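Quick notes on the structure that follows.
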Amino acid sequence: MAATAKADVKALAAGVRAGDRRALARAITLVESTRADHRAEANALLGALLPHAGKSVRLGITGVPGVGKSTFIEAFGLHVIGEGHRIAVLAIDPSSKRGGGSILGDKTRMEQLARSEAAFIRPSPAGTTLGGVARRTREAMLVSEAAGFDVILVETVGVGQSETAVADMVDMFLLLLAPAGGDELQGIKRGIVELADLLVVTKADGDLAAAAGRTQAEYQHALRLLRPTVAGWTPSVLLTSAATGKGIAEVWQAVGRYRAAVEKGGGLRLWGGTLTGGTVEGNAITGASGANSR
């Protein structure tokens with residue numbers, strides 16, 4: 001790497017660690033770049049930032065289109081900020097067939113959260129990557145952590161049989177459910193329900209309140225048939241309303257209880273261990289946050 005490039009990477013890393021939002025945006029753009037000449041710089045940047053990462057709560061959020069992921073995330077994010085935290089939202093959007101960029105623009109759908117100095121929202125195109133995440137989502141989380149954001153949310157493109165890769169990147173995986181959504185137990189498929197650490201029924205207000213209660217009961221019953229994935233933790237189903245604020249605080253409290261259960265159990269899932277420390281392997285970052293291996 002040329003001396004000038006090394007100096008640029010060093011300055012960029014310093015800007016990220018100082019919490020400079022422009023530097024953070026530039027850093028994520030660099031690690032997401034597919035240009036061959038950017039890979040060496042991206043790896044150098046990640047190597048410089050890795051010791052300053054690994055102290056956040058990483059949450060993955062998925063759900064069918066129309067369930068209200070962005071609305072929920074905004075209400076949840078504002079609550080978390082109110083609790084004294086800084087939150088980064090990595091929103092994975094469908095890709096434009098022409099330009100390859102994001103086509104939904106989550107910042108416009110989280111207007112209040114986007115205005116907060118304690119929040120950072122980054123839409124990234126999914127491209128051809130399956131699993132509900134972008135090609136460099138793991139690296140983007142690491143960079144956000146190094147910038148001082150202690151709660152990282154990854155919003156997937158949507159729910160599908162292939163959109164479970166995010167579960168391997170985060171500490172806790174949330175599945176959002178819409179009330180009166182028809183045969184969702186069959187439509188969503190058992191696999192993603194098995195991966196979820198917490199199920200959240202959205203829009204539990206007004207005319208949909210009763211339907212939300214029924215959905216909660218149906219899924220709570222279904223969960224009894226599944227084997228827990230974390231020792232000491234049994235997934236539950238919570239009711240929320242972003243419009244009224246109902247249940248939002250309870251979701252954050254559940255995150256705290258989950259983390260306590262994982263720590264008490266030694267951080268082990270029933271079919272895997274915990275990644276610790278963190279290493280740079282080629283272009284991939286592994287174990288940066290101590291996220292659970294599934």
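Quick note on naming: the chains in the structure tokens go A, B, ... in the order shown, residues restart at 1 in each chain, and ligands are numbered from 1 in order of appearance.
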Near-Ala254 of chain A list (12 Å; only C-alpha atoms; drop same-chain fewer than 2 positions) as a PyMOL selection string: chain A and resi 59+172-174+197-200+233-238+247-252+256-261
Output N, CA and C atoms for every residue in that selection, as an mmCIF file, in the first residue's frame.
```cif
data_model
loop_
_atom_site.group_PDB
_atom_site.id
_atom_site.type_symbol
_atom_site.label_atom_id
_atom_site.label_comp_id
_atom_site.auth_asym_id
_atom_site.auth_seq_id
_atom_site.Cartn_x
_atom_site.Cartn_y
_atom_site.Cartn_z
ATOM 1 N N LEU A 59 -28.221 -6.541 17.373
ATOM 2 C CA LEU A 59 -29.565 -7.100 17.221
ATOM 3 C C LEU A 59 -29.905 -7.223 15.740
ATOM 4 N N MET A 172 -28.557 -11.259 19.228
ATOM 5 C CA MET A 172 -29.959 -11.606 19.446
ATOM 6 C C MET A 172 -30.739 -11.349 18.159
ATOM 7 N N PHE A 173 -31.629 -12.270 17.823
ATOM 8 C CA PHE A 173 -32.367 -12.225 16.565
ATOM 9 C C PHE A 173 -33.851 -12.041 16.854
ATOM 10 N N LEU A 174 -34.429 -10.935 16.340
ATOM 11 C CA LEU A 174 -35.837 -10.623 16.573
ATOM 12 C C LEU A 174 -36.646 -10.835 15.296
ATOM 13 N N ASP A 197 -34.833 -15.349 18.732
ATOM 14 C CA ASP A 197 -34.679 -15.310 20.188
ATOM 15 C C ASP A 197 -35.832 -14.562 20.849
ATOM 16 N N LEU A 198 -36.529 -13.750 20.056
ATOM 17 C CA LEU A 198 -37.679 -13.013 20.559
ATOM 18 C C LEU A 198 -38.615 -12.740 19.394
ATOM 19 N N LEU A 199 -39.907 -12.956 19.600
ATOM 20 C CA LEU A 199 -40.915 -12.658 18.591
ATOM 21 C C LEU A 199 -41.696 -11.434 19.043
ATOM 22 N N VAL A 200 -41.935 -10.515 18.117
ATOM 23 C CA VAL A 200 -42.589 -9.246 18.446
ATOM 24 C C VAL A 200 -43.763 -9.024 17.497
ATOM 25 N N TRP A 233 -32.715 -19.619 28.373
ATOM 26 C CA TRP A 233 -33.566 -18.619 27.718
ATOM 27 C C TRP A 233 -34.659 -19.304 26.904
ATOM 28 N N THR A 234 -35.907 -18.915 27.175
ATOM 29 C CA THR A 234 -37.041 -19.407 26.406
ATOM 30 C C THR A 234 -37.636 -18.240 25.624
ATOM 31 N N PRO A 235 -37.624 -18.278 24.295
ATOM 32 C CA PRO A 235 -38.194 -17.181 23.500
ATOM 33 C C PRO A 235 -39.655 -16.941 23.860
ATOM 34 N N SER A 236 -40.043 -15.685 23.826
ATOM 35 C CA SER A 236 -41.422 -15.323 24.120
ATOM 36 C C SER A 236 -41.952 -14.439 23.000
ATOM 37 N N VAL A 237 -43.233 -14.098 23.095
ATOM 38 C CA VAL A 237 -43.885 -13.261 22.089
ATOM 39 C C VAL A 237 -44.419 -12.016 22.781
ATOM 40 N N LEU A 238 -43.977 -10.841 22.355
ATOM 41 C CA LEU A 238 -44.386 -9.574 22.961
ATOM 42 C C LEU A 238 -45.278 -8.791 22.006
ATOM 43 N N GLY A 247 -45.309 -1.600 24.665
ATOM 44 C CA GLY A 247 -44.418 -2.744 24.546
ATOM 45 C C GLY A 247 -42.991 -2.452 24.115
ATOM 46 N N ILE A 248 -42.686 -1.221 23.712
ATOM 47 C CA ILE A 248 -41.335 -0.911 23.228
ATOM 48 C C ILE A 248 -40.305 -1.066 24.348
ATOM 49 N N ALA A 249 -40.626 -0.536 25.517
ATOM 50 C CA ALA A 249 -39.714 -0.665 26.666
ATOM 51 C C ALA A 249 -39.532 -2.124 27.050
ATOM 52 N N GLU A 250 -40.604 -2.909 26.923
ATOM 53 C CA GLU A 250 -40.536 -4.320 27.280
ATOM 54 C C GLU A 250 -39.588 -5.087 26.346
ATOM 55 N N VAL A 251 -39.530 -4.686 25.081
ATOM 56 C CA VAL A 251 -38.605 -5.331 24.148
ATOM 57 C C VAL A 251 -37.164 -5.076 24.589
ATOM 58 N N TRP A 252 -36.858 -3.832 24.953
ATOM 59 C CA TRP A 252 -35.502 -3.508 25.410
ATOM 60 C C TRP A 252 -35.175 -4.249 26.705
ATOM 61 N N GLY A 256 -32.115 -7.119 27.599
ATOM 62 C CA GLY A 256 -31.280 -7.186 28.800
ATOM 63 C C GLY A 256 -31.358 -8.543 29.478
ATOM 64 N N ARG A 257 -32.563 -9.092 29.569
ATOM 65 C CA ARG A 257 -32.719 -10.417 30.193
ATOM 66 C C ARG A 257 -32.027 -11.499 29.368
ATOM 67 N N TYR A 258 -32.118 -11.360 28.057
ATOM 68 C CA TYR A 258 -31.473 -12.341 27.178
ATOM 69 C C TYR A 258 -29.959 -12.326 27.375
ATOM 70 N N ARG A 259 -29.381 -11.125 27.378
ATOM 71 C CA ARG A 259 -27.935 -11.013 27.563
ATOM 72 C C ARG A 259 -27.510 -11.595 28.908
ATOM 73 N N ALA A 260 -28.310 -11.360 29.938
ATOM 74 C CA ALA A 260 -27.998 -11.913 31.260
ATOM 75 C C ALA A 260 -28.045 -13.439 31.234
ATOM 76 N N ALA A 261 -29.024 -13.991 30.513
ATOM 77 C CA ALA A 261 -29.146 -15.446 30.413
ATOM 78 C C ALA A 261 -27.958 -16.046 29.675
#
```
What lies within 12 Å of Arg22 of chain A using only C-alpha atoms, ignoring chain neighbours under 4 positions off, as a PDB file with N, CA and C atoms, in the first residue's frame?
```
ATOM      1  N   LEU A  12      -8.528   8.218   8.431  1.00  0.00           N
ATOM      2  CA  LEU A  12      -9.921   7.775   8.423  1.00  0.00           C
ATOM      3  C   LEU A  12     -10.245   6.983   9.684  1.00  0.00           C
ATOM      4  N   ALA A  13      -9.334   6.113  10.090  1.00  0.00           N
ATOM      5  CA  ALA A  13      -9.535   5.332  11.313  1.00  0.00           C
ATOM      6  C   ALA A  13      -9.630   6.248  12.533  1.00  0.00           C
ATOM      7  N   ALA A  14      -8.788   7.276  12.565  1.00  0.00           N
ATOM      8  CA  ALA A  14      -8.829   8.228  13.677  1.00  0.00           C
ATOM      9  C   ALA A  14     -10.158   8.972  13.699  1.00  0.00           C
ATOM     10  N   GLY A  15     -10.655   9.339  12.513  1.00  0.00           N
ATOM     11  CA  GLY A  15     -11.938  10.022  12.435  1.00  0.00           C
ATOM     12  C   GLY A  15     -13.077   9.147  12.910  1.00  0.00           C
ATOM     13  N   VAL A  16     -13.054   7.870  12.555  1.00  0.00           N
ATOM     14  CA  VAL A  16     -14.088   6.939  12.997  1.00  0.00           C
ATOM     15  C   VAL A  16     -14.066   6.815  14.510  1.00  0.00           C
ATOM     16  N   ARG A  17     -12.878   6.618  15.083  1.00  0.00           N
ATOM     17  CA  ARG A  17     -12.760   6.456  16.536  1.00  0.00           C
ATOM     18  C   ARG A  17     -13.194   7.709  17.278  1.00  0.00           C
ATOM     19  N   ALA A  18     -13.057   8.866  16.620  1.00  0.00           N
ATOM     20  CA  ALA A  18     -13.470  10.124  17.249  1.00  0.00           C
ATOM     21  C   ALA A  18     -14.971  10.354  17.127  1.00  0.00           C
ATOM     22  N   ARG A  26     -17.781   7.286   5.262  1.00  0.00           N
ATOM     23  CA  ARG A  26     -16.717   7.001   4.279  1.00  0.00           C
ATOM     24  C   ARG A  26     -16.097   5.633   4.529  1.00  0.00           C
ATOM     25  N   ALA A  27     -15.933   5.289   5.801  1.00  0.00           N
ATOM     26  CA  ALA A  27     -15.325   4.005   6.146  1.00  0.00           C
ATOM     27  C   ALA A  27     -16.214   2.848   5.701  1.00  0.00           C
ATOM     28  N   ILE A  28     -17.508   2.964   5.919  1.00  0.00           N
ATOM     29  CA  ILE A  28     -18.419   1.897   5.497  1.00  0.00           C
ATOM     30  C   ILE A  28     -18.440   1.794   3.971  1.00  0.00           C
ATOM     31  N   THR A  29     -18.405   2.955   3.301  1.00  0.00           N
ATOM     32  CA  THR A  29     -18.346   2.940   1.834  1.00  0.00           C
ATOM     33  C   THR A  29     -17.102   2.215   1.350  1.00  0.00           C
ATOM     34  N   PHE A 120     -27.257   6.681  13.985  1.00  0.00           N
ATOM     35  CA  PHE A 120     -26.636   6.665  12.661  1.00  0.00           C
ATOM     36  C   PHE A 120     -27.381   5.624  11.837  1.00  0.00           C
ATOM     37  N   ARG A 122     -27.684   3.731   8.141  1.00  0.00           N
ATOM     38  CA  ARG A 122     -26.947   3.471   6.911  1.00  0.00           C
ATOM     39  C   ARG A 122     -27.700   2.447   6.053  1.00  0.00           C
ATOM     40  N   SER A 144     -19.012   0.562  12.879  1.00  0.00           N
ATOM     41  CA  SER A 144     -19.969   1.327  13.694  1.00  0.00           C
ATOM     42  C   SER A 144     -19.637   1.210  15.173  1.00  0.00           C
ATOM     43  N   ALA A 147     -16.857   3.405  16.148  1.00  0.00           N
ATOM     44  CA  ALA A 147     -17.261   4.809  16.193  1.00  0.00           C
ATOM     45  C   ALA A 147     -18.018   5.156  17.477  1.00  0.00           C
TER      46      ALA A 147
END
```
Distance atom CA of Val80 of chain A-atom CA of His52 of chain A, one decimal place? 21.8 Å
Take atom CA of Ala165 of chain A and atom CA of Leu24 of chain A and report the distance between them in Å, one decimal.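 It comes out at 24.0 Å.
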Nearby residues (only C-alpha atoms) at most 12 Å from Glu111 of chain A, same-chain spacing under 6 positions excluded, as a tab-separated table (two decimals) with C-alpha atoms, in the first residue's frame:
```tsv
chain	number	residue	atom	x	y	z
A	70	SER	CA	-38.68	0.65	10.01
A	71	THR	CA	-41.52	2.05	12.15
A	73	ILE	CA	-36.96	0.37	14.70
A	74	GLU	CA	-37.54	4.11	14.92
A	75	ALA	CA	-39.69	3.79	18.07
A	77	GLY	CA	-34.24	3.33	18.66
A	78	LEU	CA	-35.63	6.48	20.24
A	105	GLY	CA	-34.13	4.82	1.53
A	119	ALA	CA	-28.26	7.65	15.93
A	120	PHE	CA	-26.64	6.66	12.66
A	121	ILE	CA	-28.66	5.11	9.84
```
